[in-house]
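**Q** The following file, query.cif, comprises mmCIF, C-alpha atoms; chains and numbers go by the auth columns:
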```
data_entry
loop_
_atom_site.group_PDB
_atom_site.id
_atom_site.type_symbol
_atom_site.label_atom_id
_atom_site.label_comp_id
_atom_site.label_asym_id
_atom_site.label_seq_id
_atom_site.Cartn_x
_atom_site.Cartn_y
_atom_site.Cartn_z
_atom_site.B_iso_or_equiv
_atom_site.auth_seq_id
_atom_site.auth_asym_id
ATOM 1 C CA MET A 1 -26.232 -3.981 22.784 0.00 160 V
ATOM 2 C CA ALA A 2 -24.761 -4.785 26.196 0.00 161 V
ATOM 3 C CA GLU A 3 -22.248 -2.580 27.965 0.00 162 V
ATOM 4 C CA GLY A 4 -18.738 -2.967 26.509 0.00 163 V
ATOM 5 C CA THR A 5 -19.766 -4.950 23.438 0.00 164 V
ATOM 6 C CA VAL A 6 -19.312 -3.765 19.890 0.00 165 V
ATOM 7 C CA SER A 7 -21.546 -4.784 17.003 0.00 166 V
ATOM 8 C CA VAL A 8 -20.141 -6.310 13.834 0.00 167 V
ATOM 9 C CA ALA A 9 -21.941 -3.621 11.795 0.00 168 V
ATOM 10 C CA GLU A 10 -19.790 -0.925 13.399 0.00 169 V
ATOM 11 C CA VAL A 11 -16.631 -2.884 12.554 0.00 170 V
ATOM 12 C CA GLU A 12 -17.956 -3.351 9.004 0.00 171 V
ATOM 13 C CA THR A 13 -18.263 0.448 8.620 0.00 172 V
ATOM 14 C CA ALA A 14 -14.612 0.899 9.596 0.00 173 V
ATOM 15 C CA PHE A 15 -13.683 -1.961 7.218 0.00 174 V
ATOM 16 C CA GLN A 16 -15.398 -0.171 4.317 0.00 175 V
ATOM 17 C CA LYS A 17 -13.720 3.171 5.081 0.00 176 V
ATOM 18 C CA PHE A 18 -10.258 1.612 5.137 0.00 177 V
ATOM 19 C CA ALA A 19 -11.014 -0.615 2.115 0.00 178 V
ATOM 20 C CA VAL A 20 -11.654 2.369 -0.182 0.00 179 V
ATOM 21 C CA HIS A 21 -8.758 4.472 1.174 0.00 180 V
ATOM 22 C CA GLY A 22 -6.306 5.419 -1.546 0.00 181 V
ATOM 23 C CA ASP A 23 -8.086 3.509 -4.327 0.00 182 V
ATOM 24 C CA SER A 24 -10.678 5.321 -6.413 0.00 183 V
ATOM 25 C CA LYS A 25 -11.875 2.059 -7.983 0.00 184 V
ATOM 26 C CA ALA A 26 -12.466 0.226 -4.696 0.00 185 V
ATOM 27 C CA THR A 27 -16.026 -0.775 -3.821 0.00 186 V
ATOM 28 C CA GLY A 28 -15.544 -1.241 -0.067 0.00 187 V
ATOM 29 C CA LYS A 29 -16.335 -4.962 -0.206 0.00 188 V
ATOM 30 C CA GLU A 30 -12.687 -6.119 -0.337 0.00 189 V
ATOM 31 C CA MET A 31 -9.508 -4.840 1.338 0.00 190 V
ATOM 32 C CA ASN A 32 -5.944 -5.134 0.069 0.00 191 V
ATOM 33 C CA GLY A 33 -2.939 -5.903 2.264 0.00 192 V
ATOM 34 C CA LYS A 34 -1.644 -2.337 2.348 0.00 193 V
ATOM 35 C CA ASN A 35 -4.972 -1.045 3.688 0.00 194 V
ATOM 36 C CA PHE A 36 -5.189 -3.915 6.185 0.00 195 V
ATOM 37 C CA VAL A 37 -1.798 -2.944 7.614 0.00 196 V
ATOM 38 C CA LYS A 38 -2.896 0.726 7.653 0.00 197 V
ATOM 39 C CA LEU A 39 -6.018 -0.218 9.590 0.00 198 V
ATOM 40 C CA CYS A 40 -3.928 -2.154 12.108 0.00 199 V
ATOM 41 C CA LYS A 41 -1.487 0.759 12.526 0.00 200 V
ATOM 42 C CA ASP A 42 -4.120 3.522 12.746 0.00 201 V
ATOM 43 C CA CYS A 43 -6.283 1.557 15.180 0.00 202 V
ATOM 44 C CA LYS A 44 -3.257 0.681 17.360 0.00 203 V
ATOM 45 C CA ILE A 45 -3.619 -3.075 16.854 0.00 204 V
ATOM 46 C CA ILE A 46 0.090 -3.122 15.998 0.00 205 V
ATOM 47 C CA ASP A 47 1.823 -2.331 19.272 0.00 206 V
ATOM 48 C CA GLY A 48 5.371 -3.343 18.341 0.00 207 V
ATOM 49 C CA LYS A 49 5.649 -5.958 21.101 0.00 208 V
ATOM 50 C CA ASN A 50 2.838 -8.499 20.862 0.00 209 V
ATOM 51 C CA VAL A 51 1.713 -7.692 17.311 0.00 210 V
ATOM 52 C CA THR A 52 4.100 -6.433 14.628 0.00 211 V
ATOM 53 C CA THR A 53 3.624 -5.566 10.939 0.00 212 V
ATOM 54 C CA THR A 54 5.112 -8.964 10.080 0.00 213 V
ATOM 55 C CA ASP A 55 2.437 -10.701 12.174 0.00 214 V
ATOM 56 C CA VAL A 56 -0.273 -8.677 10.417 0.00 215 V
ATOM 57 C CA ASP A 57 1.124 -9.553 6.979 0.00 216 V
ATOM 58 C CA ILE A 58 1.253 -13.270 7.868 0.00 217 V
ATOM 59 C CA VAL A 59 -2.326 -13.255 9.154 0.00 218 V
ATOM 60 C CA PHE A 60 -3.472 -11.429 6.013 0.00 219 V
ATOM 61 C CA SER A 61 -1.751 -13.997 3.770 0.00 220 V
ATOM 62 C CA LYS A 62 -3.263 -16.904 5.720 0.00 221 V
ATOM 63 C CA ASN A 63 -6.806 -15.588 5.418 0.00 222 V
ATOM 64 C CA LYS A 64 -6.889 -14.532 1.758 0.00 223 V
ATOM 65 C CA ALA A 65 -7.607 -16.930 -1.062 0.00 224 V
ATOM 66 C CA LYS A 66 -4.528 -18.464 -2.723 0.00 225 V
ATOM 67 C CA SER A 67 -4.551 -16.403 -5.921 0.00 226 V
ATOM 68 C CA ALA A 68 -6.333 -13.335 -4.496 0.00 227 V
ATOM 69 C CA ARG A 69 -4.724 -10.088 -3.401 0.00 228 V
ATOM 70 C CA VAL A 70 -7.653 -8.949 -1.258 0.00 229 V
ATOM 71 C CA ILE A 71 -9.755 -10.204 1.638 0.00 230 V
ATOM 72 C CA THR A 72 -13.509 -10.020 2.094 0.00 231 V
ATOM 73 C CA LEU A 73 -15.328 -8.965 5.270 0.00 232 V
ATOM 74 C CA GLU A 74 -15.628 -12.585 6.445 0.00 233 V
ATOM 75 C CA GLN A 75 -11.905 -13.159 5.913 0.00 234 V
ATOM 76 C CA PHE A 76 -11.232 -9.841 7.683 0.00 235 V
ATOM 77 C CA ASN A 77 -13.218 -10.999 10.725 0.00 236 V
ATOM 78 C CA GLN A 78 -11.299 -14.298 10.693 0.00 237 V
ATOM 79 C CA ALA A 79 -7.999 -12.378 10.591 0.00 238 V
ATOM 80 C CA LEU A 80 -9.083 -10.257 13.570 0.00 239 V
ATOM 81 C CA THR A 81 -10.037 -13.436 15.428 0.00 240 V
ATOM 82 C CA GLU A 82 -6.449 -14.649 14.943 0.00 241 V
ATOM 83 C CA LEU A 83 -4.884 -11.311 15.936 0.00 242 V
ATOM 84 C CA ALA A 84 -6.989 -10.725 19.068 0.00 243 V
ATOM 85 C CA PRO A 85 -5.346 -13.349 21.355 0.00 244 V
ATOM 86 C CA LYS A 86 -1.896 -12.109 20.287 0.00 245 V
ATOM 87 C CA ARG A 87 -2.735 -8.468 21.050 0.00 246 V
ATOM 88 C CA PHE A 88 -4.511 -9.107 24.368 0.00 247 V
ATOM 89 C CA LYS A 89 -2.689 -12.006 26.042 0.00 248 V
ATOM 90 C CA GLY A 90 -4.205 -13.692 29.072 0.00 249 V
ATOM 91 C CA LYS A 91 -7.831 -12.989 28.127 0.00 250 V
ATOM 92 C CA SER A 92 -10.488 -15.236 26.652 0.00 251 V
ATOM 93 C CA LYS A 93 -10.972 -15.273 22.876 0.00 252 V
ATOM 94 C CA GLU A 94 -14.323 -13.482 23.070 0.00 253 V
ATOM 95 C CA GLU A 95 -13.064 -10.838 25.477 0.00 254 V
ATOM 96 C CA SER A 96 -9.909 -10.134 23.460 0.00 255 V
ATOM 97 C CA LEU A 97 -11.929 -9.981 20.204 0.00 256 V
ATOM 98 C CA GLN A 98 -14.333 -7.457 21.772 0.00 257 V
ATOM 99 C CA GLN A 99 -11.407 -5.309 22.900 0.00 258 V
ATOM 100 C CA LEU A 100 -9.933 -5.491 19.385 0.00 259 V
ATOM 101 C CA TYR A 101 -13.297 -4.467 17.913 0.00 260 V
ATOM 102 C CA SER A 102 -13.466 -1.519 20.319 0.00 261 V
ATOM 103 C CA LEU A 103 -10.084 -0.317 18.980 0.00 262 V
ATOM 104 C CA ILE A 104 -11.412 -0.383 15.399 0.00 263 V
ATOM 105 C CA VAL A 105 -14.899 1.105 15.816 0.00 264 V
ATOM 106 C CA GLY A 106 -15.280 4.733 14.761 0.00 265 V
ATOM 107 C CA LYS A 107 -11.814 4.984 13.214 0.00 266 V
ATOM 108 C CA GLU A 108 -11.068 6.380 9.754 0.00 267 V
ATOM 109 C CA PRO A 109 -7.856 6.356 7.716 0.00 268 V
ATOM 110 C CA ALA A 110 -5.581 9.153 8.928 0.00 269 V
ATOM 111 C CA ASN A 111 -3.664 11.325 6.500 0.00 270 V
ATOM 112 C CA ILE A 112 -2.121 13.552 9.138 0.00 271 V
ATOM 113 C CA GLY A 113 1.665 13.624 9.091 0.00 272 V
ATOM 114 C CA VAL A 114 1.912 11.552 5.936 0.00 273 V
ATOM 115 C CA THR A 115 3.447 14.287 3.780 0.00 274 V
ATOM 116 C CA LYS A 116 4.858 17.441 5.245 0.00 275 V
ATOM 117 C CA VAL A 117 5.116 20.680 3.304 0.00 276 V
ATOM 118 C CA ALA A 118 8.606 22.145 3.377 0.00 277 V
ATOM 119 C CA LYS A 119 8.682 25.623 4.845 0.00 278 V
ATOM 120 C CA ALA A 120 12.124 27.090 4.350 0.00 279 V
ATOM 121 C CA ALA A 121 13.461 30.371 3.074 0.00 280 V
ATOM 122 C CA ALA A 122 15.377 28.579 0.310 0.00 281 V
ATOM 123 C CA VAL A 123 12.261 26.867 -0.996 0.00 282 V
ATOM 124 C CA ASP A 124 10.245 30.089 -0.891 0.00 283 V
ATOM 125 C CA ARG A 125 12.995 31.907 -2.760 0.00 284 V
ATOM 126 C CA LEU A 126 13.254 29.197 -5.420 0.00 285 V
ATOM 127 C CA THR A 127 9.516 29.049 -6.044 0.00 286 V
ATOM 128 C CA ASP A 128 8.892 32.808 -6.164 0.00 287 V
ATOM 129 C CA THR A 129 8.035 33.429 -9.838 0.00 288 V
ATOM 130 C CA THR A 130 8.598 37.192 -9.582 0.00 289 V
ATOM 131 C CA LYS A 131 12.330 36.574 -9.211 0.00 290 V
ATOM 132 C CA TYR A 132 12.629 34.394 -12.347 0.00 291 V
ATOM 133 C CA THR A 133 14.755 35.728 -15.213 0.00 292 V
ATOM 134 C CA GLY A 134 15.460 34.782 -18.820 0.00 293 V
ATOM 135 C CA ALA A 135 13.457 32.084 -20.540 0.00 294 V
ATOM 136 C CA HIS A 136 11.878 30.922 -17.268 0.00 295 V
ATOM 137 C CA LYS A 137 10.274 34.334 -16.782 0.00 296 V
ATOM 138 C CA GLU A 138 8.284 33.835 -20.000 0.00 297 V
ATOM 139 C CA ARG A 139 6.507 30.793 -18.547 0.00 298 V
ATOM 140 C CA PHE A 140 4.490 32.811 -16.001 0.00 299 V
ATOM 141 C CA ASP A 141 2.080 35.745 -16.268 0.00 300 V
ATOM 142 C CA GLU A 142 2.114 38.805 -13.973 0.00 301 V
ATOM 143 C CA SER A 143 0.128 37.070 -11.205 0.00 302 V
ATOM 144 C CA GLY A 144 2.642 34.186 -11.035 0.00 303 V
ATOM 145 C CA LYS A 145 0.301 31.651 -12.620 0.00 304 V
ATOM 146 C CA GLY A 146 1.855 29.354 -15.227 0.00 305 V
ATOM 147 C CA LYS A 147 0.927 29.862 -18.861 0.00 306 V
ATOM 148 C CA GLY A 148 0.921 26.139 -19.589 0.00 307 V
ATOM 149 C CA LYS A 149 2.181 24.861 -22.927 0.00 308 V
ATOM 150 C CA VAL A 150 2.237 28.372 -24.401 0.00 309 V
ATOM 151 C CA GLY A 151 4.890 29.364 -21.861 0.00 310 V
ATOM 152 C CA ARG A 152 7.216 26.412 -22.449 0.00 311 V
ATOM 153 C CA ALA A 153 6.784 25.268 -26.059 0.00 312 V
ATOM 154 C CA ASP A 154 8.397 26.892 -29.049 0.00 313 V
ATOM 155 C CA VAL A 155 5.666 27.130 -31.662 0.00 314 V
ATOM 156 C CA PRO A 156 7.244 26.602 -35.100 0.00 315 V
ATOM 157 C CA ASP A 157 6.735 29.230 -37.789 0.00 316 V
ATOM 158 C CA ASP A 158 5.039 27.447 -40.691 0.00 317 V
ATOM 159 C CA SER A 159 5.108 30.457 -43.004 0.00 318 V
ATOM 160 C CA GLY A 160 7.678 28.872 -45.339 0.00 319 V
ATOM 161 C CA TYR A 161 10.415 31.435 -44.687 0.00 320 V
ATOM 162 C CA VAL A 162 13.630 30.842 -42.842 0.00 321 V
ATOM 163 C CA GLY A 163 13.483 31.851 -39.199 0.00 322 V
ATOM 164 C CA ALA A 164 14.404 35.466 -38.459 0.00 323 V
ATOM 165 C CA TYR A 165 14.178 36.396 -42.166 0.00 324 V
ATOM 166 C CA LYS A 166 13.461 40.109 -42.267 0.00 325 V
ATOM 167 C CA GLY A 167 11.831 40.220 -45.706 0.00 326 V
ATOM 168 C CA SER A 168 9.042 37.721 -45.123 0.00 327 V
ATOM 169 C CA GLY A 169 5.941 38.459 -47.176 0.00 328 V
ATOM 170 C CA SER A 170 7.824 40.626 -49.664 0.00 329 V
ATOM 171 C CA TYR A 171 8.246 38.066 -52.499 0.00 330 V
ATOM 172 C CA ASP A 172 5.061 38.991 -54.349 0.00 331 V
ATOM 173 C CA GLU A 173 6.034 42.672 -54.353 0.00 332 V
ATOM 174 C CA LYS A 174 9.461 41.885 -55.839 0.00 333 V
ATOM 175 C CA VAL A 175 7.992 39.610 -58.550 0.00 334 V
ATOM 176 C CA LYS A 176 5.365 42.172 -59.586 0.00 335 V
ATOM 177 C CA ASP A 177 7.995 44.908 -59.952 0.00 336 V
ATOM 178 C CA ALA A 178 10.172 42.829 -62.226 0.00 337 V
#
```
The structure given in the file should be rewritten as structure tokens.

**A**
Amino acid sequence: MAEGTVSVAEVETAFQKFAVHGDSKATGKEMNGKNFVKLCKDCKIIDGKNVTTTDVDIVFSKNKAKSARVITLEQFNQALTELAPKRFKGKSKEESLQQLYSLIVGKEPANIGVTKVAKAAAVDRLTDTTKYTGAHKERFDESGKGKGKVGRADVPDDSGYVGAYKGSGSYDEKVKDA
């Protein structure tokens, strides 16, 4: 491998990592549009000036089969070939494609900053199970762990007596005495 060139195998590795991101059933051989846009954002192909998310969506639609919702590795490479001159204007096709490949190589899907955990006194106060009262208190044990269905479901009394009847189980005694 010459200085400054990137092999297609390295780009294929990044393709597979982004192809399986967020989909447990994905094989890594095909990539959907959402993951293609994620790859372009995470690898800084989308710069907001020369290449936008709209451009990426159009290129994706052009390169996929008519009825398909995914692109293969060959179609992915074709899409990158179309995006490269847009991203790196004033350079030859080969040079711009190599620079685009160098942006992609070694990258993985980032989950940082996607969902932030709220840290506020109000949230801590509302989720502290030791401060719960009434019926809600019954749903948690002493350690604060939920009891599951036992804590939230009223289990019906199938004994045959009316609820809260004080003399349940005393019928046989009354009949015998009579």

**Q** Assuming the chain letters and numbering stay as they are in my file, what does the PyMOL selection byres ((chain V and resi 173-186) around 8) actually select? List them as an MDAnalysis selection string.

**A** chainID V and resid 169:172 187:191 194:195 197:198 232 263:268

**Q** Quick one: everything within 12 Å of Gly307 (chain V), counting all atoms listed in the file, minus sequence neighbours fewer than 6 positions away in the same chain. Send it as a list in words.

**A**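 Near neighbours after the sequence-gap exclusion: Glu297, Arg298, Phe299 and Asp300 of chain V.
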
**Q** Take the residues from that selection and put them in a file with C-alpha atoms, as a PDB file, keeping the file's coordinate frame.

**A**
```
ATOM      1  CA  GLU V 297       8.284  33.835 -20.000  1.00  0.00           C
ATOM      2  CA  ARG V 298       6.507  30.793 -18.547  1.00  0.00           C
ATOM      3  CA  PHE V 299       4.490  32.811 -16.001  1.00  0.00           C
ATOM      4  CA  ASP V 300       2.080  35.745 -16.268  1.00  0.00           C
TER       5      ASP V 300
END
```

**Q** Leaving out Asn209 (chain V) and any residue of its chain fewer than 5 positions from it, which residues lie within 10 Å of it when counting all atoms listed in the file, given as a PDB file with C-alpha atoms, in the coordinates of the input?

**A**
```pdb
ATOM      1  CA  ILE V 204      -3.619  -3.075  16.854  1.00  0.00           C
ATOM      2  CA  ASP V 214       2.437 -10.701  12.174  1.00  0.00           C
ATOM      3  CA  LEU V 242      -4.884 -11.311  15.936  1.00  0.00           C
ATOM      4  CA  PRO V 244      -5.346 -13.349  21.355  1.00  0.00           C
ATOM      5  CA  LYS V 245      -1.896 -12.109  20.287  1.00  0.00           C
ATOM      6  CA  ARG V 246      -2.735  -8.468  21.050  1.00  0.00           C
ATOM      7  CA  PHE V 247      -4.511  -9.107  24.368  1.00  0.00           C
ATOM      8  CA  LYS V 248      -2.689 -12.006  26.042  1.00  0.00           C
TER       9      LYS V 248
END
```

**Q** May I ask for the distance between CA of Lys225 (chain V) and CA of Thr213 (chain V), given in Å to one decimal place?

**A**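 Atom-to-atom, CA of Lys225 (chain V) and CA of Thr213 (chain V) are spaced 18.6 Å apart.
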
**Q** Leaving out Ile217 (chain V) and any residue of its chain fewer than 6 positions from it, which residues lie within 12 Å of it when counting all atoms listed in the file, given as a PDB file with C-alpha atoms, in the frame of the given file?

**A**
```
ATOM      1  CA  GLY V 192      -2.939  -5.903   2.264  1.00  0.00           C
ATOM      2  CA  PHE V 195      -5.189  -3.915   6.185  1.00  0.00           C
ATOM      3  CA  VAL V 196      -1.798  -2.944   7.614  1.00  0.00           C
ATOM      4  CA  VAL V 210       1.713  -7.692  17.311  1.00  0.00           C
ATOM      5  CA  THR V 211       4.100  -6.433  14.628  1.00  0.00           C
ATOM      6  CA  LYS V 223      -6.889 -14.532   1.758  1.00  0.00           C
ATOM      7  CA  ALA V 238      -7.999 -12.378  10.591  1.00  0.00           C
ATOM      8  CA  GLU V 241      -6.449 -14.649  14.943  1.00  0.00           C
ATOM      9  CA  LEU V 242      -4.884 -11.311  15.936  1.00  0.00           C
TER      10      LEU V 242
END
```

**Q** In Å to one decimal, how far is CA of Ile230 (chain V) from CA of Ser251 (chain V)?

**A**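 About the pair CA of Ser251 (chain V) and CA of Ile230 (chain V): they are 25.5 Å apart.
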
**Q** I would like the residues chosen by the PyMOL selection byres ((chain V and resi 240) around 12) on the shown file; could you give them as a list in words?

**A** Val215, Val218, Phe219, Asn222, Glu233, Gln234, Phe235, Asn236, Gln237, Ala238, Leu239, Glu241, Leu242, Ala243, Pro244, Lys245, Arg246, Phe247, Ser251, Lys252, Glu253, Glu254, Ser255, Leu256, Gln257, Gln258, Leu259 and Tyr260 of chain V

**Q** How far is it from CA of Gly303 (chain V) to CA of Asp287 (chain V), in Å with one decimal?

**A**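 Separation of CA of Gly303 (chain V) and CA of Asp287 (chain V): 8.0 Å.
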